[in-house]
Amino acid sequence: MTKLRHRSISLAFAMLLLAGGARAQTAEIEIGYRWLDLDGSEAMYRTQINERSGFVLRAFTMLSSSESAAADRFRIDAVDLGSSPSGALRLEAERDGSYLLRIGYRAADVYSALPGFANPLLSQGIVPGQHTFDRNRTTFDADLEFIPGRRFSPFIGYTYHRSEGPGRTTYSIGQDEFRLTSDLDDTEQEIRAGTSFRFRRIHGQITQGWRDFNGRERFELDAGEASGNNTVPILGRDITISSFTRDSRTDVSAPFTNAFVIGEVNPRLRLVGSFVHLSAETDGLEDEALSGSLASFALGRFFGGLDESIDSRASNTTWRGEGRAEFSLRDGIDLIATYRKRHRELDGAAALRSLFIDTVTFAGADRRDLEQIHDARNAIERDDDILGVMVAARALGPFSIRAGYRQTMEEVTLIPDISQIVVAGNDRGTFERTVRTFDTTGLFARGGLSVGATLQFDRADEAIFRTDFTDRDRFRLRAAFARPRFRIAATAEQIDRRNDIEPIALDNQTRMYSGDFTVAPIAGLELFASASRFDVDHLFSIRRPQTFVIDTSIYLEEGTAFDGGVSFFRGPFLVNVSGGRFENDGTTPFQIDRFRARVVYDFRPATGIAAEWSRDDYAEDGARFGNFDASRYGLFLRYRR
Amino acid sequence: MTPKATGRVTLLLVLALAAPLPAPVAQETPVPQPPVQELPGQIPAQEPAPQEMPEPEPEQATMSCGDCHELAQTFVMNPHARGAVENGVVSNGTCETCHGDGTAHMEAGGDPSLIAVPRGRGGADGICMMCHDTATDQKSHRASVHANSEAVNCMSCHSIHQAGQRRYLLAENDPVLCATCHSTQTASFRGKPFTHRLGTGTMGCTTCHEPHGPAARRSALRTTASGEMACAACHQEKNGPFVFEHGAMAAGDCMSCHDPHGSTNPHQLKRATVAQLCLECHSPTTPSTAGSQPPSFHNISNARFRNCTTCHVAVHGSNRSPQLLK
């Protein structure tokens with residue numbers, strides 16, 4: 001059990017003790033133990049699911065009122081703390097008119113070790129790939145509002161976020177790639193303070209915040225990886241690294257201001273204004289030292305080591321202002337007008353000092369150390385102006401309709417560092433694009449039947465980046481019919497993205513369909529079934545880098561999912577059984593079968609036990625390096641009141 | 001802490017829960033109920049009809065809603081009853097805030113036609129919006145994509161009479177509730193192998209989406225207190241600012257490469273292989289579009305060069321390498 005899980009359980013325990021003095025009026029807990037039985041690729045199982053053997057606080061909810069002076073309402077919710085891949089705990093305490101306190105804790109295991117993804121060694125049967133991580137992410141939030149509901153309600157907030165743990169990555173140097181171990185420790189803290197305000201017809205909020213990010217990462221050469229990926233000698237010399245260390249430090253300071261104000265001009269007209277300003281600055285320092293036998297075609301030399309230090313600084317200023325008018329023409333008919341402006345600018349500079357040690361020309365002469373100094377600069381600026389108007393008629397009997405028009409004007413200015421340019425061309429300058437969007441949604445509801453349709457058309461005059469569309473159409477249709485004992489629903493969605501500018505020739509179509517059916521033939525029994533289909537047809541021209549010939553990039557998804565299940569409840573018994581299959585026949589064919597069963601028996605009115613079985617069977621076509629079959633068995637004690 | 005010690009802590013936890021809950025039980029929760037789904041457009045489940053009106057006794061000056069409606073008893077923990085509970089009972093005035101004057105209803109022996117039951121758009125606009133027609137920079141009940149209509153209204157998602165077991169009186173927990181209408185997105189989360197872990201308490205649909213968000217805002221996405229995309233709330237290390245920012249971030253956002261609703265591809269990427277994803281941008285084919293630097297003439301028929309991120313590891317941006325090599 002990791003430290004993270006210890007902390008989760010301990011925190012839950014502390015919360016419980018804290019709550020002990022309160023008078024609980026509603027409480028629920030489910031706690032127990034889960035066993036994992038895994039066949040196949042543990043790496044893929046942990047990447048996708050990662051439920052492990054151990055104690056789990058599956059659910060905990062307590063609402064209470066108290067007659068103490070401290071709080072007249074108290075609530076704790078906890079979910080999946082312990083051996084689950086992610087869990088959360090929330091606490092709320094309030095004394096009416098005095099304060100409102102919200103505390104949150106979230107923990108997640110972040111794991112990735114993919115056998116076939118970005119793995120240049122897959123054909124040699126070496127799995128998983130060279131990029132893996134096994135990290136923990138924890139977040140703690142606390143917000144305290146004083147005298148809520150008064151004319152001025154000040155508040156303070158604090159967020160602590162940490163991501164830490166080991167990983168593996170690669171480094172390309174000297175005509176080879178070497179696998180490195182990484183030890184990461186990123187922390188981020190944010191402090192917020194501000195006040196809400198309420199006057200007769202005006203209310204709003206202003207927040208001033210400060211966010212600090214501190215990233216630390218140390219890299220070392222992974223054991224047994226001195227030879228790198230490239231086993232072919234370069235100009236007759238084997239490329240190796242005998243020692244490697246890199247220490248990297250990144251500090252980001254980001255003060256921000258966030259404010260909004262709302263004016264109720266009269267009962268029919270409401271004006272909303274908001275403004276956010278963020279000014280972030282990054283300071284980076286990195287030291288790297290390595291020795292070995294390496295080659296550089298840029299230098300035209302072999303070299304025996306590198307001593308590199310990098311001092312970097314980036315600043316990012318972002319602001320967004322928005323104004324919105326909501327005008328009620330009559331009951332249920334609203335006119336909404338919006339104007340939003342976004343601005344973002346980035347300036348980056350890095351001083352890179354590289355000392356190549358013991359360099360020798362390819363001919364074997366002129367042994368010396370060479371120092372390279374690179375003063376790199378990069379700048380990006382982006383502006384967006386968005387103007388929109390919408391009419392919503394919501395009171396047309398069983399009908400309602402919303403129709404809108406938006407115009408987005410984008411302007412991007414790029415000034416890249418000269419070293420980023422491989423082929424000179426349109427790599428710098430100012431690019432503009434205007435997107436016009438027509439959007440309408442219609443809804444109908446009567447007698448248990450509801451139907452909704454959405455159409456959206458986007459038309460752009462230019463593409464700033466080659467992946468930008470010039471035409472995008474979105475369609476969505478949903479229909480549902482519900483009676484007390486059954487419900488049937490179906491949804492169809494389609495998104496078409498095109499860019500006909502030759503020779504970009506982007507043609508992407510995504511279609512999603514789903515249907516579900518639920519029936520409760522007798523009291524206590526419910527059956528459900530659903531089916532879904534995902535289709536992606538994607539054609540896009542690309543240029544093959546080795547030949548510079550234009551070719552077509554094809555990507556297909558043909559996913560089909562079926563799910564079904566039964567829920568039965570009688571007396572002290574509750575049984576839920578469900579199963580499903582997801583099958584993808586597209587570019588990466590695979591199949592997943594999922595099965596869930598849960599039986600609850602309440603041997604006393606408030607107390608019971610629950611037994612669970614979950615099974616996920618993942619099977620890839622082809623290499624099958626990632627296949628797994630994982631069953632989890634759980635036994636839980638329940639208490640409800 | 002050893003597993004044995006952890007077990008002891010857990011046992012203590014169970015005992016601690018059981019012990020300090022003596023408590024005035026408003027109503028003993030009997031046996032588990034299968035989840036009830038309230039559907040958009042469906043009239044909210046009516047409370048059970050009054051069984052039989054007790055004859056008013058001469059000395060009984062007033063009647064309470066709770067005399068007939070058990071819901072009035074469980075309502076004491078409902079946020080709407082805050083400040084209106086006396087001796088463990090909700091005052092009639094609390095019920096009458098939404099249901100109107102109940103005197104005639106009571107005097108007629110519980111005649112359901114003599115009590116107002118807010119339903120549909122009219123009920124939601126007329127009753128709920130009396131107090132909840134508020135707006136912030138991120139939400140508005142009038143301009144929202146879910147603004148009250150007959151098909152979708154407050155009662156489609158909120159179950160008003162519950163004892164507050166679910167936060168915000170939701171009829172079901174997120175994401176089960178959202179799945180009622182947004183079934184294709186839910187099917188993607190449920191079926192596809194690489195997804196965010198929805199429904200585990202750390203994440204739900206509302207982590208990224210504001211259900212009351214204005215329709216004009218793309219997918220009603222939330223922003224953080226600092227005005228950044230919801231992704232930054234958890235993935236701050238990918239957010240920079242970087243000296244050498246990846247164009248995909250500068251010109252677009254995380255969704256340029258990732259599909260947050262689940263993917264058949266690792267890391268929730270939009271393409272199955274790294275080279276394909278990268279080459280779709282890094283293919284200079286026309287002088288009219290920006291950037292699109294080619295990948296240095298690498299021979300991507302060779303596995304060593306087909307996996308771009310083997311060398312260009314800092315795909316989210318770098319402070320060290322203009323080519324995002326570290």
# chains A, B, ... in the order shown; residues from 1 in each chain; ligands from 1

$ residues_around --residues "region 403-417 of chain A" --least-positions-apart "4" --cutoff "6 Å" --atoms "only C-alpha atoms" --output "list in words"
Ala376, Arg377, Asn378, Ala379, Ile380, Glu381, Arg382, Asp383, Asp384, Asp385, Ile386, Leu387, Gly388, Val389, Met390, Val391, Arg428, Gly429, Thr430, Phe431, Glu432, Arg433, Thr434, Val435, Arg436, Thr437, Phe438, Asp439 and Thr440 of chain A

$ write_last_selection --atoms "N, CA and C atoms" --output "mmCIF file, in the first residue's frame"
data_model
loop_
_atom_site.group_PDB
_atom_site.id
_atom_site.type_symbol
_atom_site.label_atom_id
_atom_site.label_comp_id
_atom_site.auth_asym_id
_atom_site.auth_seq_id
_atom_site.Cartn_x
_atom_site.Cartn_y
_atom_site.Cartn_z
ATOM 1 N N ALA A 376 18.301 31.803 -27.713
ATOM 2 C CA ALA A 376 17.083 31.493 -28.478
ATOM 3 C C ALA A 376 15.928 32.387 -28.046
ATOM 4 N N ARG A 377 15.145 32.805 -29.010
ATOM 5 C CA ARG A 377 13.989 33.652 -28.705
ATOM 6 C C ARG A 377 12.780 33.203 -29.514
ATOM 7 N N ASN A 378 11.629 33.351 -28.902
ATOM 8 C CA ASN A 378 10.409 32.846 -29.516
ATOM 9 C C ASN A 378 9.255 33.749 -29.067
ATOM 10 N N ALA A 379 8.349 34.053 -29.949
ATOM 11 C CA ALA A 379 7.214 34.900 -29.548
ATOM 12 C C ALA A 379 5.956 34.490 -30.311
ATOM 13 N N ILE A 380 4.858 34.528 -29.613
ATOM 14 C CA ILE A 380 3.563 34.201 -30.206
ATOM 15 C C ILE A 380 2.539 35.185 -29.661
ATOM 16 N N GLU A 381 1.668 35.644 -30.513
ATOM 17 C CA GLU A 381 0.594 36.528 -30.058
ATOM 18 C C GLU A 381 -0.697 36.080 -30.714
ATOM 19 N N ARG A 382 -1.749 36.073 -29.947
ATOM 20 C CA ARG A 382 -3.021 35.624 -30.508
ATOM 21 C C ARG A 382 -4.155 36.511 -29.991
ATOM 22 N N ASP A 383 -5.040 36.913 -30.897
ATOM 23 C CA ASP A 383 -6.225 37.685 -30.522
ATOM 24 C C ASP A 383 -7.456 37.027 -31.119
ATOM 25 N N ASP A 384 -8.503 36.966 -30.327
ATOM 26 C CA ASP A 384 -9.791 36.451 -30.811
ATOM 27 C C ASP A 384 -10.872 37.456 -30.447
ATOM 28 N N ASP A 385 -11.666 37.805 -31.414
ATOM 29 C CA ASP A 385 -12.839 38.649 -31.169
ATOM 30 C C ASP A 385 -14.073 37.840 -31.535
ATOM 31 N N ILE A 386 -14.958 37.685 -30.575
ATOM 32 C CA ILE A 386 -16.139 36.841 -30.810
ATOM 33 C C ILE A 386 -17.392 37.670 -30.554
ATOM 34 N N LEU A 387 -18.228 37.715 -31.551
ATOM 35 C CA LEU A 387 -19.475 38.457 -31.455
ATOM 36 C C LEU A 387 -20.616 37.481 -31.715
ATOM 37 N N GLY A 388 -21.587 37.439 -30.816
ATOM 38 C CA GLY A 388 -22.660 36.467 -30.997
ATOM 39 C C GLY A 388 -24.013 37.017 -30.608
ATOM 40 N N VAL A 389 -25.026 36.516 -31.249
ATOM 41 C CA VAL A 389 -26.388 36.886 -30.899
ATOM 42 C C VAL A 389 -27.243 35.624 -30.980
ATOM 43 N N MET A 390 -28.185 35.491 -30.061
ATOM 44 C CA MET A 390 -28.989 34.284 -29.996
ATOM 45 C C MET A 390 -30.405 34.632 -29.560
ATOM 46 N N VAL A 391 -31.355 33.963 -30.153
ATOM 47 C CA VAL A 391 -32.749 34.095 -29.724
ATOM 48 C C VAL A 391 -33.198 32.744 -29.206
ATOM 49 N N ARG A 428 6.752 32.381 -40.147
ATOM 50 C CA ARG A 428 6.574 33.579 -39.319
ATOM 51 C C ARG A 428 5.624 34.545 -40.021
ATOM 52 N N GLY A 429 5.089 35.450 -39.240
ATOM 53 C CA GLY A 429 4.174 36.433 -39.815
ATOM 54 C C GLY A 429 2.842 36.441 -39.090
ATOM 55 N N THR A 430 1.913 37.186 -39.638
ATOM 56 C CA THR A 430 0.585 37.313 -39.033
ATOM 57 C C THR A 430 -0.438 36.626 -39.930
ATOM 58 N N PHE A 431 -1.294 35.835 -39.305
ATOM 59 C CA PHE A 431 -2.293 35.060 -40.041
ATOM 60 C C PHE A 431 -3.673 35.370 -39.467
ATOM 61 N N GLU A 432 -4.631 35.508 -40.336
ATOM 62 C CA GLU A 432 -5.979 35.891 -39.897
ATOM 63 C C GLU A 432 -7.014 34.909 -40.430
ATOM 64 N N ARG A 433 -8.090 34.800 -39.677
ATOM 65 C CA ARG A 433 -9.145 33.863 -40.070
ATOM 66 C C ARG A 433 -10.453 34.343 -39.450
ATOM 67 N N THR A 434 -11.522 34.238 -40.183
ATOM 68 C CA THR A 434 -12.844 34.561 -39.646
ATOM 69 C C THR A 434 -13.741 33.335 -39.792
ATOM 70 N N VAL A 435 -14.365 32.972 -38.689
ATOM 71 C CA VAL A 435 -15.273 31.816 -38.691
ATOM 72 C C VAL A 435 -16.673 32.318 -38.384
ATOM 73 N N ARG A 436 -17.614 31.975 -39.239
ATOM 74 C CA ARG A 436 -19.018 32.344 -39.016
ATOM 75 C C ARG A 436 -19.787 31.091 -38.642
ATOM 76 N N THR A 437 -20.534 31.176 -37.559
ATOM 77 C CA THR A 437 -21.213 29.993 -37.027
ATOM 78 C C THR A 437 -22.712 30.241 -36.944
ATOM 79 N N PHE A 438 -23.481 29.337 -37.524
ATOM 80 C CA PHE A 438 -24.939 29.352 -37.397
ATOM 81 C C PHE A 438 -25.309 28.133 -36.564
ATOM 82 N N ASP A 439 -26.126 28.365 -35.563
ATOM 83 C CA ASP A 439 -26.377 27.305 -34.593
ATOM 84 C C ASP A 439 -27.857 27.323 -34.231
ATOM 85 N N THR A 440 -28.529 26.216 -34.364
ATOM 86 C CA THR A 440 -29.937 26.183 -33.962
ATOM 87 C C THR A 440 -30.276 24.851 -33.305
#

$ residues_around --residues "Ile29 (chain A)" --least-positions-apart "3" --cutoff "9 Å" --atoms "only C-alpha atoms" --output "PyMOL selection string"
(chain A and resi 57-62+78+637-640) or (chain B and resi 14+17)

$ closest_atom_pairs --of "region 537-572 of chain A" --to "region 591-612 of chain A" --cutoff "10 Å" --atoms "only C-alpha atoms" --output "Markdown table"
| residue | atom | partner | partner_atom | distance |
| --- | --- | --- | --- | --- |
| A:Gly559 | CA | A:Gln591 | CA | 9.3 |
| A:Thr560 | CA | A:Gln591 | CA | 9.5 |
| A:Ala561 | CA | A:Ile592 | CA | 9.3 |
| A:Phe562 | CA | A:Asp593 | CA | 9.6 |
| A:Asp563 | CA | A:Arg594 | CA | 8.9 |
| A:Gly564 | CA | A:Phe595 | CA | 9.8 |
| A:Gly565 | CA | A:Arg596 | CA | 9.0 |
| A:Val566 | CA | A:Ala597 | CA | 9.7 |
| A:Ser567 | CA | A:Arg598 | CA | 9.5 |
| A:Phe568 | CA | A:Val599 | CA | 9.5 |
| A:Phe569 | CA | A:Val600 | CA | 9.3 |
| A:Arg570 | CA | A:Tyr601 | CA | 10.0 |
| A:Gly571 | CA | A:Asp602 | CA | 8.6 |
| A:Pro572 | CA | A:Asp602 | CA | 4.9 |

$ write_last_selection --atoms "N, CA and C atoms" --output "compact mmCIF listing (two decimals), in the first residue's frame"
# COMPACT_ATOMS: atom_id res chain seq x y z
N GLY A 559 -16.17 1.47 -34.31
CA GLY A 559 -16.41 0.91 -32.97
C GLY A 559 -17.87 0.58 -32.76
N THR A 560 -18.09 -0.59 -32.21
CA THR A 560 -19.46 -1.01 -31.90
C THR A 560 -19.51 -1.45 -30.44
N ALA A 561 -20.50 -0.95 -29.72
CA ALA A 561 -20.62 -1.32 -28.31
C ALA A 561 -22.02 -1.85 -28.04
N PHE A 562 -22.09 -2.90 -27.27
CA PHE A 562 -23.36 -3.44 -26.80
C PHE A 562 -23.27 -3.58 -25.29
N ASP A 563 -24.32 -3.15 -24.61
CA ASP A 563 -24.39 -3.30 -23.16
C ASP A 563 -25.78 -3.80 -22.79
N GLY A 564 -25.84 -4.54 -21.73
CA GLY A 564 -27.15 -4.97 -21.25
C GLY A 564 -27.03 -5.38 -19.80
N GLY A 565 -28.17 -5.40 -19.12
CA GLY A 565 -28.09 -5.79 -17.72
C GLY A 565 -29.45 -5.89 -17.08
N VAL A 566 -29.42 -6.34 -15.85
CA VAL A 566 -30.65 -6.50 -15.10
C VAL A 566 -30.40 -6.05 -13.67
N SER A 567 -31.40 -5.40 -13.13
CA SER A 567 -31.34 -4.98 -11.73
C SER A 567 -32.58 -5.53 -11.04
N PHE A 568 -32.37 -6.27 -9.98
CA PHE A 568 -33.49 -6.92 -9.29
C PHE A 568 -33.42 -6.59 -7.81
N PHE A 569 -34.55 -6.20 -7.30
CA PHE A 569 -34.60 -5.80 -5.90
C PHE A 569 -35.82 -6.42 -5.25
N ARG A 570 -35.59 -7.18 -4.21
CA ARG A 570 -36.73 -7.72 -3.46
C ARG A 570 -36.30 -7.91 -2.01
N GLY A 571 -37.10 -7.38 -1.10
CA GLY A 571 -36.79 -7.49 0.32
C GLY A 571 -35.39 -7.00 0.59
N PRO A 572 -34.60 -7.81 1.26
CA PRO A 572 -33.25 -7.35 1.60
C PRO A 572 -32.24 -7.57 0.49

$ select_by_dssp --residues "region 165-319 of chain B" --states "alpha helix (DSSP H)" --output "MDAnalysis selection string"
chainID B and resid 176:179 183:191 205:208 247:251 274:281 303:306

$ write_last_selection --atoms "C-alpha atoms" --output "CSV table (one decimal), in the first residue's frame"
chain,number,residue,atom,x,y,z
B,176,VAL,CA,-25.3,8.8,-14.8
B,177,LEU,CA,-27.6,11.8,-14.9
B,178,CYS,CA,-25.9,13.4,-17.9
B,179,ALA,CA,-26.0,10.0,-19.7
B,183,SER,CA,-25.6,8.9,-24.4
B,184,THR,CA,-23.0,8.8,-27.1
B,185,GLN,CA,-20.5,10.6,-25.0
B,186,THR,CA,-21.3,8.2,-22.1
B,187,ALA,CA,-20.9,5.2,-24.3
B,188,SER,CA,-17.5,6.5,-25.4
B,189,PHE,CA,-16.4,6.8,-21.7
B,190,ARG,CA,-17.9,3.4,-20.8
B,191,GLY,CA,-16.6,1.5,-23.8
B,205,CYS,CA,-19.0,15.6,-16.6
B,206,THR,CA,-19.3,18.8,-14.5
B,207,THR,CA,-15.6,18.8,-13.7
B,208,CYS,CA,-15.1,20.3,-17.2
B,247,GLY,CA,2.1,25.2,-32.1
B,248,ALA,CA,-0.7,22.9,-31.3
B,249,MET,CA,-1.1,24.6,-27.9
B,250,ALA,CA,-0.4,28.1,-29.3
B,251,ALA,CA,-3.0,27.9,-32.0
B,274,VAL,CA,2.4,9.2,-33.2
B,275,ALA,CA,3.8,9.8,-36.7
B,276,GLN,CA,0.4,10.1,-38.2
B,277,LEU,CA,-0.7,12.6,-35.6
B,278,CYS,CA,2.4,14.7,-36.0
B,279,LEU,CA,2.6,14.6,-39.8
B,280,GLU,CA,-0.9,16.0,-40.2
B,281,CYS,CA,0.4,19.3,-39.0
B,303,ALA,CA,10.7,2.3,-36.8
B,304,ARG,CA,13.4,4.4,-35.1
B,305,PHE,CA,12.1,7.6,-36.8
B,306,ARG,CA,8.4,6.6,-36.9

$ closest_residue --among "B:Pro284, B:Gly123, B:Pro175, B:Gly100" --to "chain A" --atoms "only C-alpha atoms"
B:Pro284

$ select_by_dssp --residues "region 409-586 of chain A" --states "strand (DSSP E or B)" --output "ChimeraX atom specification"
/A:409-415,429-446,449-460,471-483,486-499,506-519,525-543,550-570,573-584

$ residues_around --residues "region 180-194 of chain A" --least-positions-apart "2" --cutoff "8 Å" --atoms "only C-alpha atoms" --output "VMD selection string"
(chain A and resid 154 to 171 178 196 205 to 222) or (chain B and resid 237)

$ closest_residue --among "A:Gly305, A:Gly87, A:Pro148, A:Gly323" --to "chain B" --atoms "only C-alpha atoms"
A:Gly87

$ atom_distance --atom1 "CA of Asp427 (chain A)" --atom2 "CA of Arg466 (chain A)"
12.4 Å

$ atom_distance --atom1 "CA of Trp613 (chain A)" --atom2 "CA of Glu30 (chain A)"
15.7 Å

$ closest_residue --among "B:Val85, B:Ala147, B:Val315, B:Cys154" --to "Cys128 (chain B)" --atoms "only C-alpha atoms"
B:Cys154

$ closest_residue --among "A:Leu355, A:Leu455, A:Ala482, A:Ala520" --to "chain B" --atoms "only C-alpha atoms"
A:Ala482

$ closest_residue --among "B:Arg166, B:Ala233, B:Arg218, B:Ala151" --to "chain A" --atoms "only C-alpha atoms"
B:Ala151

$ closest_residue --among "A:Asn230, A:Ser614, A:Arg150, A:Ile103" --to "Pro120 (chain A)" --atoms "only C-alpha atoms"
A:Asn230

$ decode --residues "region 346-370 of chain A" --atoms "N, CA and C atoms" --output "short mmCIF file (atom, residue, chain, number, x, y, z; two decimals), in the first residue's frame"
data_model
loop_
_atom_site.label_atom_id
_atom_site.label_comp_id
_atom_site.auth_asym_id
_atom_site.auth_seq_id
_atom_site.Cartn_x
_atom_site.Cartn_y
_atom_site.Cartn_z
N LEU A 346 3.02 35.51 -25.77
CA LEU A 346 4.07 34.71 -25.15
C LEU A 346 5.41 35.19 -25.66
N ASP A 347 6.32 35.45 -24.74
CA ASP A 347 7.69 35.77 -25.10
C ASP A 347 8.61 34.81 -24.37
N GLY A 348 9.45 34.15 -25.11
CA GLY A 348 10.35 33.18 -24.49
C GLY A 348 11.79 33.45 -24.89
N ALA A 349 12.68 33.23 -23.94
CA ALA A 349 14.11 33.39 -24.22
C ALA A 349 14.87 32.34 -23.44
N ALA A 350 15.87 31.75 -24.07
CA ALA A 350 16.68 30.75 -23.39
C ALA A 350 18.14 30.92 -23.80
N ALA A 351 19.02 30.91 -22.81
CA ALA A 351 20.45 30.94 -23.08
C ALA A 351 20.98 29.52 -22.89
N LEU A 352 21.41 28.92 -23.98
CA LEU A 352 21.87 27.53 -23.95
C LEU A 352 23.38 27.51 -24.14
N ARG A 353 24.08 26.98 -23.13
CA ARG A 353 25.54 26.88 -23.22
C ARG A 353 25.90 25.40 -23.23
N SER A 354 26.50 24.97 -24.33
CA SER A 354 26.84 23.55 -24.49
C SER A 354 28.35 23.42 -24.67
N LEU A 355 28.99 22.68 -23.78
CA LEU A 355 30.43 22.44 -23.89
C LEU A 355 30.64 20.99 -24.30
N PHE A 356 31.04 20.80 -25.54
CA PHE A 356 31.32 19.45 -26.05
C PHE A 356 32.76 19.12 -25.70
N ILE A 357 32.94 18.05 -24.96
CA ILE A 357 34.26 17.73 -24.41
C ILE A 357 34.95 16.70 -25.30
N ASP A 358 36.23 16.91 -25.44
CA ASP A 358 37.06 15.94 -26.17
C ASP A 358 36.57 15.69 -27.59
N THR A 359 36.34 16.73 -28.32
CA THR A 359 35.84 16.53 -29.69
C THR A 359 37.02 16.20 -30.62
N VAL A 360 36.70 15.36 -31.59
CA VAL A 360 37.70 14.96 -32.57
C VAL A 360 37.04 14.99 -33.93
N THR A 361 37.71 15.51 -34.92
CA THR A 361 37.10 15.52 -36.25
C THR A 361 36.87 14.08 -36.71
N PHE A 362 35.97 13.93 -37.67
CA PHE A 362 35.68 12.60 -38.16
C PHE A 362 36.93 11.92 -38.74
N ALA A 363 37.90 12.76 -39.14
CA ALA A 363 39.15 12.21 -39.65
C ALA A 363 40.10 11.82 -38.54
N GLY A 364 39.73 12.17 -37.28
CA GLY A 364 40.53 11.73 -36.14
C GLY A 364 41.56 12.75 -35.68
N ALA A 365 41.48 13.97 -36.15
CA ALA A 365 42.47 14.97 -35.77
C ALA A 365 41.84 16.08 -34.94
N ASP A 366 42.71 16.96 -34.38
CA ASP A 366 42.27 18.21 -33.76
C ASP A 366 41.43 17.98 -32.51
N ARG A 367 42.01 17.36 -31.49
CA ARG A 367 41.30 17.11 -30.24
C ARG A 367 41.15 18.42 -29.46
N ARG A 368 39.93 18.76 -29.12
CA ARG A 368 39.70 19.99 -28.34
C ARG A 368 38.28 19.99 -27.77
N ASP A 369 38.04 20.92 -26.84
CA ASP A 369 36.67 21.15 -26.34
C ASP A 369 36.05 22.27 -27.14
N LEU A 370 34.77 22.12 -27.45
CA LEU A 370 34.08 23.16 -28.22
C LEU A 370 32.89 23.69 -27.42
#
